[in-house]
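Participant: What follows is the file protein.cif, containing mmCIF, C-alpha atoms:
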data_protein
#
loop_
_atom_site.group_PDB
_atom_site.id
_atom_site.type_symbol
_atom_site.label_atom_id
_atom_site.label_comp_id
_atom_site.auth_asym_id
_atom_site.auth_seq_id
_atom_site.Cartn_x
_atom_site.Cartn_y
_atom_site.Cartn_z
ATOM 1 C CA MET O 1489 51.493 32.052 14.157
ATOM 2 C CA THR O 1490 49.730 31.576 17.456
ATOM 3 C CA GLY O 1491 45.932 31.368 17.570
ATOM 4 C CA GLY O 1492 45.656 32.934 14.107
ATOM 5 C CA GLN O 1493 47.825 35.934 15.035
ATOM 6 C CA ALA O 1494 51.304 36.545 13.690
ATOM 7 C CA THR O 1495 54.075 36.653 16.224
ATOM 8 C CA VAL O 1496 56.168 39.773 15.875
ATOM 9 C CA THR O 1497 59.761 39.502 16.957
ATOM 10 C CA ALA O 1498 61.409 42.685 18.120
ATOM 11 C CA PRO O 1499 64.793 43.404 16.556
ATOM 12 C CA VAL O 1500 67.666 42.200 18.667
ATOM 13 C CA PRO O 1501 69.894 45.120 19.623
ATOM 14 C CA ALA O 1502 73.496 44.793 18.514
ATOM 15 C CA GLU O 1503 75.998 44.001 21.232
ATOM 16 C CA ALA O 1504 78.108 46.958 22.350
ATOM 17 C CA GLY O 1505 81.297 45.751 20.651
ATOM 18 C CA THR O 1506 79.546 44.566 17.513
ATOM 19 C CA GLY O 1507 77.327 47.645 17.350
ATOM 20 C CA ARG O 1508 80.276 49.969 17.793
ATOM 21 C CA GLU O 1509 82.280 48.222 15.076
ATOM 22 C CA ALA O 1510 79.294 48.187 12.730
ATOM 23 C CA ILE O 1511 78.774 51.901 13.331
ATOM 24 C CA LEU O 1512 82.447 52.642 12.626
ATOM 25 C CA ARG O 1513 82.364 50.606 9.397
ATOM 26 C CA ALA O 1514 79.201 52.402 8.269
ATOM 27 C CA ALA O 1515 80.612 55.806 9.241
ATOM 28 C CA ARG O 1516 83.888 55.162 7.391
ATOM 29 C CA ARG O 1517 81.920 54.193 4.283
ATOM 30 C CA ALA O 1518 79.623 57.202 4.620
ATOM 31 C CA PHE O 1519 82.381 59.760 5.128
ATOM 32 C CA THR O 1520 84.480 58.362 2.272
ATOM 33 C CA GLN O 1521 81.574 58.087 -0.170
ATOM 34 C CA ARG O 1522 79.748 61.342 0.543
ATOM 35 C CA PRO O 1523 80.718 64.871 1.580
ATOM 36 C CA TYR O 1524 80.453 65.562 5.306
ATOM 37 C CA ALA O 1525 77.379 67.784 4.885
ATOM 38 C CA GLU O 1526 75.460 64.918 3.243
ATOM 39 C CA VAL O 1527 76.237 62.344 5.936
ATOM 40 C CA THR O 1528 73.590 61.844 8.613
ATOM 41 C CA ILE O 1529 73.586 59.925 11.875
ATOM 42 C CA ARG O 1530 70.260 58.378 10.835
ATOM 43 C CA ARG O 1531 71.745 56.984 7.581
ATOM 44 C CA ILE O 1532 74.858 55.680 9.354
ATOM 45 C CA ALA O 1533 72.627 53.956 11.910
ATOM 46 C CA ALA O 1534 70.528 52.376 9.161
ATOM 47 C CA ASP O 1535 73.637 51.157 7.338
ATOM 48 C CA ALA O 1536 75.009 49.735 10.597
ATOM 49 C CA GLY O 1537 71.710 48.064 11.507
ATOM 50 C CA VAL O 1538 71.415 49.970 14.779
ATOM 51 C CA SER O 1539 69.302 52.798 16.121
ATOM 52 C CA PRO O 1540 70.405 56.424 15.771
ATOM 53 C CA SER O 1541 70.360 56.669 19.575
ATOM 54 C CA LEU O 1542 73.011 53.927 19.771
ATOM 55 C CA VAL O 1543 75.242 55.919 17.417
ATOM 56 C CA VAL O 1544 74.824 58.979 19.644
ATOM 57 C CA LYS O 1545 75.421 56.896 22.770
ATOM 58 C CA HIS O 1546 78.743 55.575 21.427
ATOM 59 C CA PHE O 1547 80.007 58.629 19.545
ATOM 60 C CA GLY O 1548 77.948 61.703 20.344
ATOM 61 C CA ARG O 1549 77.289 64.172 17.553
ATOM 62 C CA LYS O 1550 78.249 63.738 13.900
ATOM 63 C CA GLU O 1551 81.344 65.895 14.420
ATOM 64 C CA GLU O 1552 82.605 63.575 17.169
ATOM 65 C CA LEU O 1553 81.909 60.527 15.006
ATOM 66 C CA PHE O 1554 83.831 62.149 12.147
ATOM 67 C CA ASN O 1555 86.746 62.824 14.505
ATOM 68 C CA THR O 1556 86.751 59.146 15.490
ATOM 69 C CA VAL O 1557 86.738 58.104 11.832
ATOM 70 C CA ALA O 1558 89.550 60.568 11.124
ATOM 71 C CA ASP O 1559 91.681 59.145 13.954
ATOM 72 C CA PHE O 1560 94.448 56.877 12.636
ATOM 73 C CA GLY O 1561 96.205 56.697 16.025
ATOM 74 C CA PRO O 1562 94.866 53.325 17.202
ATOM 75 C CA ALA O 1563 95.533 51.700 13.819
ATOM 76 C CA ALA O 1564 99.050 53.173 13.690
ATOM 77 C CA ALA O 1565 99.812 51.960 17.219
ATOM 78 C CA GLU O 1566 98.722 48.442 16.299
ATOM 79 C CA LEU O 1567 100.605 48.478 12.994
ATOM 80 C CA LEU O 1568 103.836 49.744 14.568
ATOM 81 C CA ASP O 1569 103.786 47.405 17.563
ATOM 82 C CA ALA O 1570 106.805 45.273 16.605
ATOM 83 C CA PRO O 1571 110.593 45.488 16.735
ATOM 84 C CA LEU O 1572 112.236 47.102 13.699
ATOM 85 C CA GLU O 1573 113.787 43.771 12.686
ATOM 86 C CA THR O 1574 110.339 42.255 12.062
ATOM 87 C CA LEU O 1575 108.283 45.387 11.444
ATOM 88 C CA GLY O 1576 107.820 44.824 7.693
ATOM 89 C CA ARG O 1577 106.222 41.428 8.198
ATOM 90 C CA HIS O 1578 104.194 42.694 11.162
ATOM 91 C CA LEU O 1579 102.839 45.616 9.104
ATOM 92 C CA VAL O 1580 101.596 43.296 6.354
ATOM 93 C CA VAL O 1581 100.151 40.578 8.593
ATOM 94 C CA THR O 1582 98.452 43.143 10.853
ATOM 95 C CA LEU O 1583 96.997 45.142 7.952
ATOM 96 C CA VAL O 1584 95.603 42.060 6.200
ATOM 97 C CA THR O 1585 94.315 40.477 9.416
ATOM 98 C CA ARG O 1586 92.670 43.702 10.586
ATOM 99 C CA ARG O 1587 91.071 44.286 7.162
ATOM 100 C CA ARG O 1588 89.544 40.829 7.244
ATOM 101 C CA ALA O 1589 88.378 41.053 10.860
ATOM 102 C CA SER O 1590 86.772 44.483 10.578
ATOM 103 C CA GLN O 1591 85.814 44.301 6.895
ATOM 104 C CA SER O 1592 87.525 47.630 6.296
ATOM 105 C CA ASP O 1593 91.020 48.917 5.794
ATOM 106 C CA PRO O 1594 92.501 50.825 8.755
ATOM 107 C CA LEU O 1595 94.290 53.372 6.523
ATOM 108 C CA LEU O 1596 92.780 53.462 3.044
ATOM 109 C CA ARG O 1597 90.013 55.942 3.844
ATOM 110 C CA VAL O 1598 92.580 58.749 3.604
ATOM 111 C CA VAL O 1599 92.759 58.149 -0.154
ATOM 112 C CA PHE O 1600 89.043 57.997 -0.936
ATOM 113 C CA PHE O 1601 87.654 60.677 1.380
ATOM 114 C CA LEU O 1602 85.274 62.967 -0.530
ATOM 115 C CA GLY O 1603 84.711 65.761 1.989
ATOM 116 C CA ASN O 1604 85.339 69.422 1.324
ATOM 117 C CA GLN O 1605 88.875 70.786 1.266
ATOM 118 C CA ASP O 1606 88.951 71.422 5.037
ATOM 119 C CA GLU O 1607 87.827 67.875 5.839
ATOM 120 C CA ARG O 1608 90.255 66.322 3.343
ATOM 121 C CA SER O 1609 93.074 68.455 4.768
ATOM 122 C CA LEU O 1610 92.204 67.376 8.302
ATOM 123 C CA LEU O 1611 92.234 63.707 7.311
ATOM 124 C CA ARG O 1612 95.533 64.042 5.416
ATOM 125 C CA ASP O 1613 97.112 65.984 8.293
ATOM 126 C CA ARG O 1614 96.016 63.377 10.819
ATOM 127 C CA PHE O 1615 97.311 60.567 8.606
ATOM 128 C CA HIS O 1616 100.634 62.355 8.249
ATOM 129 C CA GLU O 1617 100.934 63.013 11.989
ATOM 130 C CA GLN O 1618 99.639 59.669 13.246
ATOM 131 C CA VAL O 1619 101.004 57.296 10.606
ATOM 132 C CA THR O 1620 103.827 58.832 8.564
ATOM 133 C CA ASP O 1621 105.393 60.791 11.442
ATOM 134 C CA ALA O 1622 105.056 57.741 13.720
ATOM 135 C CA LEU O 1623 106.870 55.655 11.103
ATOM 136 C CA THR O 1624 109.568 58.337 10.768
ATOM 137 C CA ALA O 1625 110.083 58.344 14.540
ATOM 138 C CA ARG O 1626 110.605 54.562 14.547
ATOM 139 C CA LEU O 1627 113.159 54.508 11.734
ATOM 140 C CA THR O 1628 116.887 55.081 12.042
ATOM 141 C CA GLY O 1629 119.498 56.116 9.538
ATOM 142 C CA PRO O 1630 119.376 58.424 6.521
ATOM 143 C CA ASP O 1631 116.232 59.500 4.655
ATOM 144 C CA ARG O 1632 113.935 58.510 7.515
ATOM 145 C CA ALA O 1633 111.089 60.813 6.409
ATOM 146 C CA LEU O 1634 111.327 59.701 2.787
ATOM 147 C CA ARG O 1635 111.409 56.034 3.759
ATOM 148 C CA ALA O 1636 108.406 56.550 6.061
ATOM 149 C CA GLU O 1637 106.414 58.177 3.243
ATOM 150 C CA LEU O 1638 107.298 55.286 0.927
ATOM 151 C CA LEU O 1639 106.287 52.770 3.621
ATOM 152 C CA ALA O 1640 102.939 54.522 4.050
ATOM 153 C CA GLY O 1641 102.501 54.410 0.278
ATOM 154 C CA HIS O 1642 103.210 50.678 0.223
ATOM 155 C CA LEU O 1643 100.623 50.079 2.961
ATOM 156 C CA LEU O 1644 98.026 52.151 1.106
ATOM 157 C CA GLY O 1645 98.889 50.295 -2.097
ATOM 158 C CA LEU O 1646 98.413 46.945 -0.406
ATOM 159 C CA GLY O 1647 95.055 48.049 0.948
ATOM 160 C CA ALA O 1648 93.987 49.368 -2.468
ATOM 161 C CA THR O 1649 95.062 46.140 -4.171
ATOM 162 C CA LEU O 1650 93.154 43.984 -1.703
ATOM 163 C CA SER O 1651 90.092 46.217 -2.151
ATOM 164 C CA LEU O 1652 90.328 46.148 -5.922
ATOM 165 C CA HIS O 1653 90.715 42.364 -6.051
ATOM 166 C CA ARG O 1654 88.253 41.461 -3.281
ATOM 167 C CA GLU O 1655 87.711 37.988 -4.694
ATOM 168 C CA GLY O 1656 91.145 37.535 -6.240
ATOM 169 C CA ALA O 1657 94.204 35.565 -5.218
ATOM 170 C CA GLY O 1658 94.879 37.911 -2.290
ATOM 171 C CA ALA O 1659 91.516 37.044 -0.763
ATOM 172 C CA LEU O 1660 92.465 33.372 -0.830
ATOM 173 C CA ALA O 1661 96.017 33.819 0.474
ATOM 174 C CA THR O 1662 96.816 33.735 4.169
ATOM 175 C CA PRO O 1663 98.168 36.899 5.783
ATOM 176 C CA ASP O 1664 101.475 35.065 6.251
ATOM 177 C CA ARG O 1665 101.715 34.201 2.550
ATOM 178 C CA ILE O 1666 101.005 37.791 1.554
ATOM 179 C CA ALA O 1667 103.690 38.877 4.036
ATOM 180 C CA ASP O 1668 106.153 36.359 2.552
ATOM 181 C CA LEU O 1669 105.842 38.154 -0.775
ATOM 182 C CA TYR O 1670 105.208 41.774 0.251
ATOM 183 C CA ALA O 1671 107.085 42.330 3.507
ATOM 184 C CA PRO O 1672 110.663 42.143 2.134
ATOM 185 C CA ALA O 1673 110.146 45.390 0.207
ATOM 186 C CA LEU O 1674 108.816 47.061 3.354
ATOM 187 C CA GLN O 1675 111.639 45.695 5.463
ATOM 188 C CA ARG O 1676 114.183 47.102 2.995
ATOM 189 C CA LEU O 1677 112.677 50.555 3.528
ATOM 190 C CA ILE O 1678 112.660 50.018 7.301
ATOM 191 C CA THR O 1679 116.301 49.040 7.546
ATOM 192 C CA GLY O 1680 117.445 51.535 4.932
#
Have the structure of the file written as structure tokens, please.

Facilitator:
Amino acid sequence: MTGGQATVTAPVPAEAGTGREAILRAARRAFTQRPYAEVTIRRIAADAGVSPSLVVKHFGRKEELFNTVADFGPAAAELLDAPLETLGRHLVVTLVTRRRASQSDPLLRVVFFLGNQDERSLLRDRFHEQVTDALTARLTGPDRALRAELLAGHLLGLGATLSLHREGAGALATPDRIADLYAPALQRLITG
């Protein structure tokens, strides 16, 4: 208080990187928890702690924001960025590290998306094209497509387990320790 008057502090705008990440986290939550028609830019902005105009500045209309949320390409590129000999370990360490850094799973939204049939189909199709097909393309030997689907299932299972047990042993374990235990099964699918 100064001279009997309260000092009002204006909210500090989120930094571009932080604001963008906060918006993406809020949008992923919104689109997985509510049908597309019920999601609003205003609510996403409020959940992200930013203004609706910042959401529009970064992502445009709701449809464009949804398309960004439905894009698994960047996550798949990061997850698959390792030689086949070490890919299993890389997948686990990258998934766990990214989950912790961004406070959201890069793949799991495909399982919990509540949109209408068209939106769910779009998300599943994108996941298949950008994750499962990308895995298939990396693998060699017999049953590549089957092994890729099983790998994707393992990654989704790991994400679901870590979400279910947010304060469990997995939350206390290092990404490397989780990889020590989980990656051998993935590597077996990778090498065939």

Participant: So how far away is CA of Leu1627 (chain O) from CA of Ala1570 (chain O), in Å?

Facilitator: 12.2 Å

Participant: Name every residue that the PyMOL selection byres ((chain O and resi 1628-1631) around 12) selects in this structure, writing the answer as a JSON list (two decimals) with C-alpha atoms, keeping the file's coordinate frame with chains first and numbers rising.

Facilitator:
[["chain", "number", "residue", "atom", "x", "y", "z"],
["O", 1572, "LEU", "CA", 112.24, 47.10, 13.70],
["O", 1573, "GLU", "CA", 113.79, 43.77, 12.69],
["O", 1623, "LEU", "CA", 106.87, 55.66, 11.10],
["O", 1624, "THR", "CA", 109.57, 58.34, 10.77],
["O", 1625, "ALA", "CA", 110.08, 58.34, 14.54],
["O", 1626, "ARG", "CA", 110.60, 54.56, 14.55],
["O", 1627, "LEU", "CA", 113.16, 54.51, 11.73],
["O", 1632, "ARG", "CA", 113.94, 58.51, 7.52],
["O", 1633, "ALA", "CA", 111.09, 60.81, 6.41],
["O", 1634, "LEU", "CA", 111.33, 59.70, 2.79],
["O", 1635, "ARG", "CA", 111.41, 56.03, 3.76],
["O", 1636, "ALA", "CA", 108.41, 56.55, 6.06],
["O", 1637, "GLU", "CA", 106.41, 58.18, 3.24],
["O", 1638, "LEU", "CA", 107.30, 55.29, 0.93],
["O", 1677, "LEU", "CA", 112.68, 50.56, 3.53],
["O", 1678, "ILE", "CA", 112.66, 50.02, 7.30],
["O", 1679, "THR", "CA", 116.30, 49.04, 7.55],
["O", 1680, "GLY", "CA", 117.44, 51.54, 4.93]]

Participant: Rank nothing, just name the residue among O:Ala1563, O:Leu1568, O:Leu1674, O:Leu1660 nearest to Phe1615 (chain O), using all atoms listed in the file.

Facilitator: O:Ala1563

Participant: Carefully work through the PyMOL selection byres ((chain O and resi 1578) around 12) for this structure and note down the residues it includes, as a PyMOL selection string.

Facilitator: chain O and resi 1564-1577+1579-1586+1643+1663-1664+1666-1668+1670-1672+1674-1675+1678

Participant: To one decimal in Å, tell me the separation between CA of Ala1648 (chain O) and CA of Leu1596 (chain O).

Facilitator: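 Straight-line distance from CA of Ala1648 (chain O) to CA of Leu1596 (chain O) works out to 7.0 Å.
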
Participant: One number please: CA of Arg1614 (chain O) to CA of Leu1542 (chain O), in Å, one decimal.

Facilitator: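 Answer for the CA of Arg1614 (chain O) to CA of Leu1542 (chain O) separation: 26.4 Å.
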
Participant: Any chance you could work out the axis-aligned box around region 1516-1520 of chain O, listed atoms only, 4 Å on each side, giving centre and edge lengths in Å to one decimal, as JSON?

Facilitator:
{"center_x": 82.1, "center_y": 57.0, "center_z": 4.8, "size_x": 12.9, "size_y": 13.6, "size_z": 13.1}

Participant: What does the PyMOL selection byres ((chain O and resi 1592) around 10) select in this file, as a PDB file with C-alpha atoms, keeping the file's coordinate frame?

Facilitator:
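Writing done, so here's selection-v5.pdb:
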ATOM      1  CA  LEU O1512      82.447  52.642  12.626  1.00  0.00           C
ATOM      2  CA  ARG O1513      82.364  50.606   9.397  1.00  0.00           C
ATOM      3  CA  ALA O1514      79.201  52.402   8.269  1.00  0.00           C
ATOM      4  CA  ARG O1516      83.888  55.162   7.391  1.00  0.00           C
ATOM      5  CA  ARG O1517      81.920  54.193   4.283  1.00  0.00           C
ATOM      6  CA  LEU O1583      96.997  45.142   7.952  1.00  0.00           C
ATOM      7  CA  VAL O1584      95.603  42.060   6.200  1.00  0.00           C
ATOM      8  CA  ARG O1586      92.670  43.702  10.586  1.00  0.00           C
ATOM      9  CA  ARG O1587      91.071  44.286   7.162  1.00  0.00           C
ATOM     10  CA  ARG O1588      89.544  40.829   7.244  1.00  0.00           C
ATOM     11  CA  ALA O1589      88.378  41.053  10.860  1.00  0.00           C
ATOM     12  CA  SER O1590      86.772  44.483  10.578  1.00  0.00           C
ATOM     13  CA  GLN O1591      85.814  44.301   6.895  1.00  0.00           C
ATOM     14  CA  ASP O1593      91.020  48.917   5.794  1.00  0.00           C
ATOM     15  CA  PRO O1594      92.501  50.825   8.755  1.00  0.00           C
ATOM     16  CA  LEU O1595      94.290  53.372   6.523  1.00  0.00           C
ATOM     17  CA  LEU O1596      92.780  53.462   3.044  1.00  0.00           C
ATOM     18  CA  ARG O1597      90.013  55.942   3.844  1.00  0.00           C
ATOM     19  CA  GLY O1647      95.055  48.049   0.948  1.00  0.00           C
ATOM     20  CA  SER O1651      90.092  46.217  -2.151  1.00  0.00           C
TER      21      SER O1651
END

Participant: Within 10 Å of Ser1539 (chain O), counting all atoms listed in the file, which residues qualify if same-chain residues fewer than 6 places away don't, as JSON, numbers by chain?

Facilitator: {"O": [1501, 1502, 1507, 1511, 1529, 1530, 1531, 1532, 1533, 1545]}

Participant: When distances are computed from all atoms listed in the file, which of O:Val1557, O:Pro1562, O:Glu1509, O:Ala1525 shows the smallest separation from Gly1537 (chain O)?

Facilitator: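 Among O:Val1557, O:Pro1562, O:Glu1509, O:Ala1525, it is O:Glu1509 that comes nearest to Gly1537 (chain O).
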
Participant: Could you add whatever atoms are missing so that region 1558-1589 of chain O carries N, CA and C atoms, then write the result as a PDB file, keeping the file's coordinate frame?

Facilitator:
ATOM      1  N   ALA O1558      88.329  59.920  11.605  1.00  0.00           N
ATOM      2  CA  ALA O1558      89.550  60.568  11.124  1.00  0.00           C
ATOM      3  C   ALA O1558      90.759  60.287  12.013  1.00  0.00           C
ATOM      4  N   ASP O1559      90.590  59.457  13.020  1.00  0.00           N
ATOM      5  CA  ASP O1559      91.681  59.145  13.954  1.00  0.00           C
ATOM      6  C   ASP O1559      92.399  57.881  13.505  1.00  0.00           C
ATOM      7  N   PHE O1560      93.634  58.017  13.058  1.00  0.00           N
ATOM      8  CA  PHE O1560      94.448  56.877  12.636  1.00  0.00           C
ATOM      9  C   PHE O1560      95.347  56.373  13.760  1.00  0.00           C
ATOM     10  N   GLY O1561      95.313  57.039  14.919  1.00  0.00           N
ATOM     11  CA  GLY O1561      96.205  56.697  16.025  1.00  0.00           C
ATOM     12  C   GLY O1561      96.125  55.249  16.479  1.00  0.00           C
ATOM     13  N   PRO O1562      94.939  54.721  16.769  1.00  0.00           N
ATOM     14  CA  PRO O1562      94.866  53.325  17.202  1.00  0.00           C
ATOM     15  C   PRO O1562      95.383  52.344  16.148  1.00  0.00           C
ATOM     16  N   ALA O1563      95.049  52.583  14.892  1.00  0.00           N
ATOM     17  CA  ALA O1563      95.533  51.700  13.819  1.00  0.00           C
ATOM     18  C   ALA O1563      97.048  51.790  13.702  1.00  0.00           C
ATOM     19  N   ALA O1564      97.590  53.000  13.781  1.00  0.00           N
ATOM     20  CA  ALA O1564      99.050  53.173  13.690  1.00  0.00           C
ATOM     21  C   ALA O1564      99.748  52.478  14.850  1.00  0.00           C
ATOM     22  N   ALA O1565      99.203  52.610  16.052  1.00  0.00           N
ATOM     23  CA  ALA O1565      99.812  51.960  17.219  1.00  0.00           C
ATOM     24  C   ALA O1565      99.857  50.444  17.033  1.00  0.00           C
ATOM     25  N   GLU O1566      98.774  49.884  16.535  1.00  0.00           N
ATOM     26  CA  GLU O1566      98.722  48.442  16.299  1.00  0.00           C
ATOM     27  C   GLU O1566      99.692  48.027  15.185  1.00  0.00           C
ATOM     28  N   LEU O1567      99.724  48.797  14.117  1.00  0.00           N
ATOM     29  CA  LEU O1567     100.605  48.478  12.994  1.00  0.00           C
ATOM     30  C   LEU O1567     102.084  48.575  13.368  1.00  0.00           C
ATOM     31  N   LEU O1568     102.424  49.501  14.235  1.00  0.00           N
ATOM     32  CA  LEU O1568     103.836  49.744  14.568  1.00  0.00           C
ATOM     33  C   LEU O1568     104.311  48.979  15.797  1.00  0.00           C
ATOM     34  N   ASP O1569     103.473  48.117  16.327  1.00  0.00           N
ATOM     35  CA  ASP O1569     103.786  47.405  17.563  1.00  0.00           C
ATOM     36  C   ASP O1569     104.632  46.153  17.307  1.00  0.00           C
ATOM     37  N   ALA O1570     105.869  46.379  16.850  1.00  0.00           N
ATOM     38  CA  ALA O1570     106.805  45.273  16.605  1.00  0.00           C
ATOM     39  C   ALA O1570     108.216  45.849  16.564  1.00  0.00           C
ATOM     40  N   PRO O1571     109.205  45.031  16.853  1.00  0.00           N
ATOM     41  CA  PRO O1571     110.593  45.488  16.735  1.00  0.00           C
ATOM     42  C   PRO O1571     110.921  45.802  15.273  1.00  0.00           C
ATOM     43  N   LEU O1572     111.866  46.711  15.057  1.00  0.00           N
ATOM     44  CA  LEU O1572     112.236  47.102  13.699  1.00  0.00           C
ATOM     45  C   LEU O1572     112.657  45.913  12.842  1.00  0.00           C
ATOM     46  N   GLU O1573     113.289  44.927  13.452  1.00  0.00           N
ATOM     47  CA  GLU O1573     113.787  43.771  12.686  1.00  0.00           C
ATOM     48  C   GLU O1573     112.664  42.965  12.030  1.00  0.00           C
ATOM     49  N   THR O1574     111.475  43.017  12.595  1.00  0.00           N
ATOM     50  CA  THR O1574     110.339  42.255  12.062  1.00  0.00           C
ATOM     51  C   THR O1574     109.155  43.145  11.688  1.00  0.00           C
ATOM     52  N   LEU O1575     109.386  44.445  11.656  1.00  0.00           N
ATOM     53  CA  LEU O1575     108.283  45.387  11.444  1.00  0.00           C
ATOM     54  C   LEU O1575     107.635  45.222  10.074  1.00  0.00           C
ATOM     55  N   GLY O1576     108.407  44.971   9.027  1.00  0.00           N
ATOM     56  CA  GLY O1576     107.820  44.824   7.693  1.00  0.00           C
ATOM     57  C   GLY O1576     106.787  43.717   7.651  1.00  0.00           C
ATOM     58  N   ARG O1577     107.142  42.571   8.165  1.00  0.00           N
ATOM     59  CA  ARG O1577     106.222  41.428   8.198  1.00  0.00           C
ATOM     60  C   ARG O1577     105.016  41.746   9.087  1.00  0.00           C
ATOM     61  N   HIS O1578     105.277  42.340  10.244  1.00  0.00           N
ATOM     62  CA  HIS O1578     104.194  42.694  11.162  1.00  0.00           C
ATOM     63  C   HIS O1578     103.208  43.664  10.499  1.00  0.00           C
ATOM     64  N   LEU O1579     103.715  44.656   9.778  1.00  0.00           N
ATOM     65  CA  LEU O1579     102.839  45.616   9.104  1.00  0.00           C
ATOM     66  C   LEU O1579     101.889  44.906   8.149  1.00  0.00           C
ATOM     67  N   VAL O1580     102.419  43.998   7.348  1.00  0.00           N
ATOM     68  CA  VAL O1580     101.596  43.296   6.354  1.00  0.00           C
ATOM     69  C   VAL O1580     100.586  42.371   7.032  1.00  0.00           C
ATOM     70  N   VAL O1581     101.055  41.532   7.932  1.00  0.00           N
ATOM     71  CA  VAL O1581     100.151  40.578   8.593  1.00  0.00           C
ATOM     72  C   VAL O1581      99.064  41.327   9.359  1.00  0.00           C
ATOM     73  N   THR O1582      99.429  42.374  10.066  1.00  0.00           N
ATOM     74  CA  THR O1582      98.452  43.143  10.853  1.00  0.00           C
ATOM     75  C   THR O1582      97.443  43.833   9.948  1.00  0.00           C
ATOM     76  N   LEU O1583      97.905  44.458   8.873  1.00  0.00           N
ATOM     77  CA  LEU O1583      96.997  45.142   7.952  1.00  0.00           C
ATOM     78  C   LEU O1583      96.003  44.153   7.349  1.00  0.00           C
ATOM     79  N   VAL O1584      96.485  43.040   6.842  1.00  0.00           N
ATOM     80  CA  VAL O1584      95.603  42.060   6.200  1.00  0.00           C
ATOM     81  C   VAL O1584      94.642  41.447   7.222  1.00  0.00           C
ATOM     82  N   THR O1585      95.157  41.078   8.376  1.00  0.00           N
ATOM     83  CA  THR O1585      94.315  40.477   9.416  1.00  0.00           C
ATOM     84  C   THR O1585      93.251  41.456   9.888  1.00  0.00           C
ATOM     85  N   ARG O1586      93.636  42.694  10.113  1.00  0.00           N
ATOM     86  CA  ARG O1586      92.670  43.702  10.586  1.00  0.00           C
ATOM     87  C   ARG O1586      91.614  43.989   9.524  1.00  0.00           C
ATOM     88  N   ARG O1587      92.035  44.072   8.258  1.00  0.00           N
ATOM     89  CA  ARG O1587      91.071  44.286   7.162  1.00  0.00           C
ATOM     90  C   ARG O1587      90.013  43.189   7.167  1.00  0.00           C
ATOM     91  N   ARG O1588      90.468  41.957   7.304  1.00  0.00           N
ATOM     92  CA  ARG O1588      89.544  40.829   7.244  1.00  0.00           C
ATOM     93  C   ARG O1588      88.634  40.788   8.466  1.00  0.00           C
ATOM     94  N   ALA O1589      89.172  41.099   9.627  1.00  0.00           N
ATOM     95  CA  ALA O1589      88.378  41.053  10.860  1.00  0.00           C
ATOM     96  C   ALA O1589      87.330  42.156  10.904  1.00  0.00           C
TER      97      ALA O1589
END
